[in-house]
>>> print(open('my_file.cif').read())   # mmCIF, C-alpha atoms
data_coords
loop_
_atom_site.group_PDB
_atom_site.id
_atom_site.type_symbol
_atom_site.label_atom_id
_atom_site.label_comp_id
_atom_site.auth_asym_id
_atom_site.auth_seq_id
_atom_site.Cartn_x
_atom_site.Cartn_y
_atom_site.Cartn_z
ATOM 1 C CA MET A 1 58.544 127.847 98.053
ATOM 2 C CA VAL A 2 56.821 130.976 99.375
ATOM 3 C CA VAL A 3 56.179 131.085 103.116
ATOM 4 C CA TYR A 4 52.972 132.815 104.214
ATOM 5 C CA LYS A 5 52.386 133.942 107.800
ATOM 6 C CA LEU A 6 49.177 135.493 109.118
ATOM 7 C CA TYR A 7 49.439 137.315 112.451
ATOM 8 C CA TYR A 8 46.216 138.121 114.255
ATOM 9 C CA PHE A 9 44.501 137.902 117.629
ATOM 10 C CA PRO A 10 43.028 134.573 118.817
ATOM 11 C CA HIS A 11 39.618 135.103 117.288
ATOM 12 C CA MET A 12 38.043 135.098 113.867
ATOM 13 C CA GLY A 13 37.177 138.640 112.855
ATOM 14 C CA ARG A 14 37.739 139.728 109.263
ATOM 15 C CA GLU A 15 40.843 137.565 108.984
ATOM 16 C CA GLU A 16 38.716 134.449 109.132
ATOM 17 C CA ILE A 17 37.801 135.185 105.523
ATOM 18 C CA VAL A 18 41.481 134.851 104.618
ATOM 19 C CA ARG A 19 41.709 131.579 106.539
ATOM 20 C CA LEU A 20 38.617 130.285 104.731
ATOM 21 C CA MET A 21 40.103 131.129 101.354
ATOM 22 C CA PHE A 22 43.403 129.438 102.121
ATOM 23 C CA ALA A 23 41.530 126.386 103.396
ATOM 24 C CA HIS A 24 39.496 126.235 100.205
ATOM 25 C CA ALA A 25 42.540 126.712 97.955
ATOM 26 C CA ASN A 26 44.589 124.259 100.038
ATOM 27 C CA ILE A 27 47.407 126.782 100.448
ATOM 28 C CA GLU A 28 49.678 126.297 103.441
ATOM 29 C CA TYR A 29 50.412 129.200 105.784
ATOM 30 C CA GLU A 30 51.320 129.807 109.409
ATOM 31 C CA ASP A 31 48.285 130.909 111.398
ATOM 32 C CA ILE A 32 49.932 132.848 114.222
ATOM 33 C CA ARG A 33 47.420 133.914 116.875
ATOM 34 C CA ILE A 34 48.821 136.337 119.422
ATOM 35 C CA PRO A 35 47.194 136.143 122.874
ATOM 36 C CA TYR A 36 45.877 139.452 124.129
ATOM 37 C CA GLU A 37 48.117 139.346 127.185
ATOM 38 C CA GLU A 38 51.179 139.130 124.914
ATOM 39 C CA TRP A 39 50.113 141.929 122.589
ATOM 40 C CA PRO A 40 51.574 144.885 124.574
ATOM 41 C CA SER A 41 55.065 143.392 124.324
ATOM 42 C CA LYS A 42 54.692 142.574 120.621
ATOM 43 C CA LYS A 43 52.884 145.712 119.486
ATOM 44 C CA SER A 44 56.038 147.711 118.755
ATOM 45 C CA THR A 45 57.406 144.909 116.568
ATOM 46 C CA MET A 46 54.517 145.159 114.120
ATOM 47 C CA PRO A 47 54.274 147.652 111.235
ATOM 48 C CA PHE A 48 51.910 150.465 112.263
ATOM 49 C CA SER A 49 51.781 148.786 115.718
ATOM 50 C CA GLN A 50 48.620 146.901 114.865
ATOM 51 C CA LEU A 51 47.207 143.636 113.583
ATOM 52 C CA PRO A 52 46.510 141.927 111.238
ATOM 53 C CA VAL A 53 49.879 141.464 109.560
ATOM 54 C CA PHE A 54 50.488 139.156 106.624
ATOM 55 C CA LYS A 55 54.015 138.142 105.662
ATOM 56 C CA ILE A 56 55.050 136.778 102.281
ATOM 57 C CA ASP A 57 58.626 135.635 102.888
ATOM 58 C CA ASP A 58 60.265 138.933 103.913
ATOM 59 C CA ASP A 59 57.540 141.209 102.544
ATOM 60 C CA VAL A 60 54.746 142.499 104.749
ATOM 61 C CA ILE A 61 51.151 143.577 104.093
ATOM 62 C CA CYS A 62 49.041 145.319 106.720
ATOM 63 C CA GLN A 63 45.350 146.286 106.868
ATOM 64 C CA SER A 64 42.533 143.745 106.598
ATOM 65 C CA GLY A 65 41.271 144.836 103.186
ATOM 66 C CA ALA A 66 44.690 144.756 101.561
ATOM 67 C CA ILE A 67 45.441 141.323 103.018
ATOM 68 C CA LEU A 68 42.073 139.970 101.936
ATOM 69 C CA ARG A 69 42.442 141.185 98.360
ATOM 70 C CA TYR A 70 45.972 139.815 98.079
ATOM 71 C CA ALA A 71 44.833 136.433 99.420
ATOM 72 C CA ALA A 72 41.846 136.399 97.071
ATOM 73 C CA GLN A 73 44.140 136.894 94.094
ATOM 74 C CA LYS A 74 46.483 134.131 95.246
ATOM 75 C CA CYS A 75 43.589 131.749 95.832
ATOM 76 C CA GLY A 76 41.831 132.504 92.538
ATOM 77 C CA LEU A 77 38.889 133.968 94.456
ATOM 78 C CA ALA A 78 38.978 137.619 93.405
ATOM 79 C CA GLY A 79 36.727 137.502 90.316
ATOM 80 C CA CYS A 80 37.440 136.849 86.654
ATOM 81 C CA ASN A 81 37.602 140.473 85.434
ATOM 82 C CA ASP A 82 37.905 144.003 86.777
ATOM 83 C CA LEU A 83 34.154 144.466 87.157
ATOM 84 C CA GLU A 84 33.744 141.204 89.050
ATOM 85 C CA VAL A 85 36.658 142.116 91.296
ATOM 86 C CA ALA A 86 34.932 145.397 92.144
ATOM 87 C CA LYS A 87 31.542 143.727 92.709
ATOM 88 C CA ALA A 88 33.040 141.084 94.989
ATOM 89 C CA ASP A 89 34.804 143.844 96.925
ATOM 90 C CA MET A 90 31.505 145.695 97.184
ATOM 91 C CA ILE A 91 29.702 142.733 98.761
ATOM 92 C CA THR A 92 32.543 142.048 101.173
ATOM 93 C CA GLU A 93 32.573 145.706 102.221
ATOM 94 C CA CYS A 94 28.817 145.515 102.798
ATOM 95 C CA PHE A 95 29.371 142.689 105.265
ATOM 96 C CA PHE A 96 32.176 144.643 106.920
ATOM 97 C CA ASP A 97 29.775 147.567 107.327
ATOM 98 C CA ILE A 98 27.153 145.277 108.877
ATOM 99 C CA MET A 99 29.592 143.897 111.404
ATOM 100 C CA LEU A 100 30.831 147.379 112.354
ATOM 101 C CA ARG A 101 27.333 148.213 113.600
ATOM 102 C CA PHE A 102 27.650 145.872 116.555
ATOM 103 C CA PRO A 103 28.656 147.272 119.982
ATOM 104 C CA TRP A 104 32.093 145.651 120.133
ATOM 105 C CA LEU A 105 33.527 148.171 122.590
ATOM 106 C CA GLU A 106 30.445 148.901 124.700
ATOM 107 C CA THR A 107 31.051 148.071 128.372
ATOM 108 C CA ASP A 108 27.638 149.014 129.761
ATOM 109 C CA GLU A 109 25.722 145.734 129.592
ATOM 110 C CA ALA A 110 22.280 147.339 129.315
ATOM 111 C CA LYS A 111 23.384 149.609 126.478
ATOM 112 C CA LYS A 112 25.138 146.710 124.794
ATOM 113 C CA ALA A 113 22.035 144.508 124.956
ATOM 114 C CA GLU A 114 19.837 147.234 123.482
ATOM 115 C CA SER A 115 22.340 147.952 120.723
ATOM 116 C CA MET A 116 22.526 144.233 119.898
ATOM 117 C CA ARG A 117 18.733 144.071 119.724
ATOM 118 C CA LYS A 118 18.560 147.015 117.360
ATOM 119 C CA CYS A 119 21.251 145.549 115.126
ATOM 120 C CA LEU A 120 19.735 142.070 114.972
ATOM 121 C CA TYR A 121 16.095 143.090 114.574
ATOM 122 C CA GLU A 122 16.117 146.531 112.987
ATOM 123 C CA SER A 123 19.384 147.399 111.252
ATOM 124 C CA VAL A 124 20.811 144.185 109.831
ATOM 125 C CA PRO A 125 17.788 142.407 108.246
ATOM 126 C CA PRO A 126 17.097 145.178 105.680
ATOM 127 C CA SER A 127 20.770 145.116 104.682
ATOM 128 C CA LEU A 128 20.644 141.349 104.256
ATOM 129 C CA LYS A 129 17.597 141.816 102.026
ATOM 130 C CA GLN A 130 19.509 144.243 99.830
ATOM 131 C CA ILE A 131 22.429 141.823 99.565
ATOM 132 C CA GLU A 132 20.042 138.995 98.708
ATOM 133 C CA GLU A 133 18.633 141.102 95.887
ATOM 134 C CA MET A 134 22.148 141.435 94.452
ATOM 135 C CA LEU A 135 22.607 137.672 94.652
ATOM 136 C CA VAL A 136 19.285 137.047 92.913
ATOM 137 C CA LYS A 137 20.091 139.609 90.225
ATOM 138 C CA ASN A 138 23.206 137.616 89.422
ATOM 139 C CA GLY A 139 21.273 134.351 89.121
ATOM 140 C CA GLY A 140 21.571 133.119 92.712
ATOM 141 C CA ASN A 141 24.658 130.928 92.277
ATOM 142 C CA TYR A 142 27.333 133.401 93.393
ATOM 143 C CA PHE A 143 27.593 137.158 93.788
ATOM 144 C CA VAL A 144 29.542 137.230 90.511
ATOM 145 C CA SER A 145 30.159 134.454 87.952
ATOM 146 C CA GLN A 146 32.234 132.339 90.315
ATOM 147 C CA LEU A 147 33.139 131.725 93.950
ATOM 148 C CA THR A 148 34.923 134.734 95.493
ATOM 149 C CA HIS A 149 35.826 136.187 98.861
ATOM 150 C CA ALA A 150 32.369 137.786 98.901
ATOM 151 C CA ASP A 151 30.832 134.350 99.457
ATOM 152 C CA PHE A 152 33.212 133.716 102.329
ATOM 153 C CA ALA A 153 32.366 137.142 103.762
ATOM 154 C CA LEU A 154 28.728 136.002 103.826
ATOM 155 C CA LEU A 155 29.729 132.825 105.637
ATOM 156 C CA ASN A 156 31.878 134.644 108.170
ATOM 157 C CA ALA A 157 29.295 137.303 109.000
ATOM 158 C CA GLY A 158 26.398 134.862 108.786
ATOM 159 C CA GLN A 159 27.834 132.523 111.378
ATOM 160 C CA TYR A 160 28.134 135.373 113.857
ATOM 161 C CA LEU A 161 24.624 136.608 113.115
ATOM 162 C CA LEU A 162 23.110 133.144 113.540
ATOM 163 C CA GLU A 163 24.830 132.720 116.895
ATOM 164 C CA HIS A 164 22.955 135.749 118.155
ATOM 165 C CA ARG A 165 19.661 135.332 116.312
ATOM 166 C CA GLU A 166 18.733 131.913 114.945
ATOM 167 C CA ASP A 167 16.114 133.260 112.520
ATOM 168 C CA ILE A 168 18.168 136.199 111.231
ATOM 169 C CA PHE A 169 17.743 134.916 107.658
ATOM 170 C CA LYS A 170 13.992 134.256 107.898
ATOM 171 C CA ASP A 171 13.199 137.035 105.411
ATOM 172 C CA THR A 172 16.129 136.185 103.127
ATOM 173 C CA PRO A 173 15.777 132.439 102.344
ATOM 174 C CA ILE A 174 17.761 132.634 99.109
ATOM 175 C CA LEU A 175 20.680 134.255 100.886
ATOM 176 C CA PHE A 176 20.481 131.628 103.630
ATOM 177 C CA LYS A 177 20.482 128.823 101.061
ATOM 178 C CA HIS A 178 23.634 130.331 99.560
ATOM 179 C CA PHE A 179 25.169 130.614 103.025
ATOM 180 C CA LYS A 180 24.554 126.888 103.593
ATOM 181 C CA LYS A 181 26.027 126.035 100.190
ATOM 182 C CA ILE A 182 29.278 127.793 101.063
ATOM 183 C CA GLU A 183 29.309 126.325 104.560
ATOM 184 C CA ASN A 184 28.970 122.823 103.100
ATOM 185 C CA LEU A 185 31.753 123.050 100.537
ATOM 186 C CA PRO A 186 33.971 120.038 101.404
ATOM 187 C CA SER A 187 37.059 122.194 101.952
ATOM 188 C CA ILE A 188 35.143 124.576 104.192
ATOM 189 C CA ALA A 189 33.263 121.908 106.110
ATOM 190 C CA GLN A 190 36.614 120.340 106.972
ATOM 191 C CA TRP A 191 38.087 123.668 108.117
ATOM 192 C CA LEU A 192 35.070 124.385 110.287
ATOM 193 C CA LYS A 193 35.618 121.084 112.076
ATOM 194 C CA VAL A 194 39.206 121.834 113.058
ATOM 195 C CA ARG A 195 39.576 125.610 113.253
ATOM 196 C CA PRO A 196 40.578 127.104 116.596
ATOM 197 C CA GLY A 197 39.347 130.280 118.210
ATOM 198 C CA GLN A 198 36.056 132.077 118.516
#
>>> encode(input="my_file.cif", output="structure tokens")
Amino acid sequence: MVVYKLYYFPHMGREEIVRLMFAHANIEYEDIRIPYEEWPSKKSTMPFSQLPVFKIDDDVICQSGAILRYAAQKCGLAGCNDLEVAKADMITECFFDIMLRFPWLETDEAKKAESMRKCLYESVPPSLKQIEEMLVKNGGNYFVSQLTHADFALLNAGQYLLEHREDIFKDTPILFKHFKKIENLPSIAQWLKVRPGQ
């Protein structure tokens, strides 16, 4: 039996998409969350001296995108053909781009607050509208013909966005309805009840 181990920091980030997929596919893995205070002593033991790291028995995969795509394939959540795989990747990358706009490393509180405001009220909503248009173009059920990591990328990003602006989806009701559908999948609803971290 293959042993999977996911090494990451004690928060969600992009790797939460992997955790969501494994929860949905009911695939067992070790969710190893390294506290920040322990990271300096563990950094040199990791390939490329960074996280995330995903181990498959004795093999190792690094980089969030590579780990996500491997997990999607294993969970049957990559898409049913090459074009769907590419389209699902496209949507997931769009959500990655959205999340990169936020001032994660800003230490000046005034600058951080203004940057957050611009993201939540100026930058992000038009991008959500564009993503909604892609969902509608595909019929509104999924971003491709079936559930993929792109839908979990929406859930992961959407939960963060809603924490910081409750009406962030007010101009994208179809996208929000899809978000709620994914959030309420029985496998996902159960994971959301028990998952650790922030």
>>> atom_distance(input="my_file.cif", atom1="CA of His178 in chain A", atom2="CA of Phe143 in chain A")
9.8 Å
>>> closest_residue(input="my_file.cif", among="A:Tyr29, A:Thr107, A:Ile188, A:Ala153", to="Asp57 in chain A", atoms="all atoms listed in the file")
A:Tyr29
>>> residues_around(input="my_file.cif", residues="Asp89 in chain A", least_positions_apart="4", cutoff="12 Å", atoms="all atoms listed in the file", output="list of chain:residue names")
A:Gly65, A:Ala66, A:Leu68, A:Arg69, A:Tyr70, A:Ala72, A:Gln73, A:Leu77, A:Ala78, A:Gly79, A:Asp82, A:Leu83, A:Glu84, A:Val85, A:Glu93, A:Cys94, A:Phe95, A:Phe96, A:Phe143, A:Val144, A:Thr148, A:His149, A:Ala150, A:Asp151, A:Phe152, A:Ala153
>>> resolve_selection(input="my_file.cif", expression="the PyMOL selection byres ((chain A and resi 26) around 12)", output="ChimeraX atom specification")
/A:18-25,27-29,74-76,186-188,190-191
>>> residues_around(input="my_file.cif", residues="Phe179 in chain A", least_positions_apart="3", cutoff="8 Å", atoms="all atoms listed in the file", output="PyMOL selection string")
chain A and resi 151+154-155+158+175-176+182-183
>>> resolve_selection(input="my_file.cif", expression="the PyMOL selection byres ((chain A and resi 33) around 8)", output="mmCIF file with C-alpha atoms, in the coordinates of the input")
data_model
loop_
_atom_site.group_PDB
_atom_site.id
_atom_site.type_symbol
_atom_site.label_atom_id
_atom_site.label_comp_id
_atom_site.auth_asym_id
_atom_site.auth_seq_id
_atom_site.Cartn_x
_atom_site.Cartn_y
_atom_site.Cartn_z
ATOM 1 C CA TYR A 7 49.439 137.315 112.451
ATOM 2 C CA TYR A 8 46.216 138.121 114.255
ATOM 3 C CA PHE A 9 44.501 137.902 117.629
ATOM 4 C CA PRO A 10 43.028 134.573 118.817
ATOM 5 C CA HIS A 11 39.618 135.103 117.288
ATOM 6 C CA ASP A 31 48.285 130.909 111.398
ATOM 7 C CA ILE A 32 49.932 132.848 114.222
ATOM 8 C CA ILE A 34 48.821 136.337 119.422
ATOM 9 C CA PRO A 35 47.194 136.143 122.874
#
>>> residues_around(input="my_file.cif", residues="Pro173 in chain A", least_positions_apart="5", cutoff="12 Å", atoms="only C-alpha atoms", output="list in words")
Pro125, Leu128, Lys129, Ile131, Glu132, Glu133, Leu135, Val136, Gly140, Asp167, Ile168, His178, Phe179 and Lys180 of chain A
>>> residues_near_point(input="my_file.cif", point="(28.0, 147.4, 109.4)", cutoff="12 Å", atoms="only C-alpha atoms", output="count of residues only")
24
>>> closest_residue(input="my_file.cif", among="A:Lys42, A:Glu109, A:Glu37, A:Ala71", to="Glu15 in chain A", atoms="only C-alpha atoms")
A:Ala71
>>> decode(input="my_file.cif", residues="range 80-93 of chain A", atoms="N, CA and C atoms", output="compact mmCIF listing (two decimals), in the first residue's frame")
# COMPACT_ATOMS: atom_id res chain seq x y z
N CYS A 80 -11.11 14.92 -17.82
CA CYS A 80 -11.26 13.64 -18.53
C CYS A 80 -10.49 13.57 -19.85
N ASN A 81 -9.88 14.68 -20.28
CA ASN A 81 -9.03 14.64 -21.48
C ASN A 81 -8.01 15.77 -21.38
N ASP A 82 -7.11 15.82 -22.34
CA ASP A 82 -6.01 16.80 -22.27
C ASP A 82 -6.52 18.24 -22.22
N LEU A 83 -7.56 18.54 -22.97
CA LEU A 83 -8.08 19.90 -22.99
C LEU A 83 -8.70 20.26 -21.64
N GLU A 84 -9.44 19.32 -21.05
CA GLU A 84 -10.03 19.59 -19.75
C GLU A 84 -8.96 19.75 -18.68
N VAL A 85 -7.92 18.95 -18.77
CA VAL A 85 -6.81 19.08 -17.83
C VAL A 85 -6.23 20.50 -17.91
N ALA A 86 -6.02 20.98 -19.10
CA ALA A 86 -5.46 22.32 -19.30
C ALA A 86 -6.42 23.40 -18.80
N LYS A 87 -7.72 23.23 -19.06
CA LYS A 87 -8.70 24.24 -18.62
C LYS A 87 -8.81 24.27 -17.10
N ALA A 88 -8.79 23.10 -16.48
CA ALA A 88 -8.84 23.05 -15.02
C ALA A 88 -7.59 23.72 -14.43
N ASP A 89 -6.43 23.43 -15.03
CA ASP A 89 -5.20 24.09 -14.60
C ASP A 89 -5.31 25.60 -14.74
N MET A 90 -5.90 26.05 -15.83
CA MET A 90 -6.05 27.48 -16.09
C MET A 90 -6.85 28.15 -14.98
N ILE A 91 -7.98 27.56 -14.60
CA ILE A 91 -8.82 28.15 -13.56
C ILE A 91 -8.09 28.17 -12.23
N THR A 92 -7.44 27.06 -11.90
CA THR A 92 -6.68 27.01 -10.64
C THR A 92 -5.60 28.07 -10.61
N GLU A 93 -4.89 28.25 -11.73
CA GLU A 93 -3.85 29.27 -11.80
C GLU A 93 -4.44 30.67 -11.66
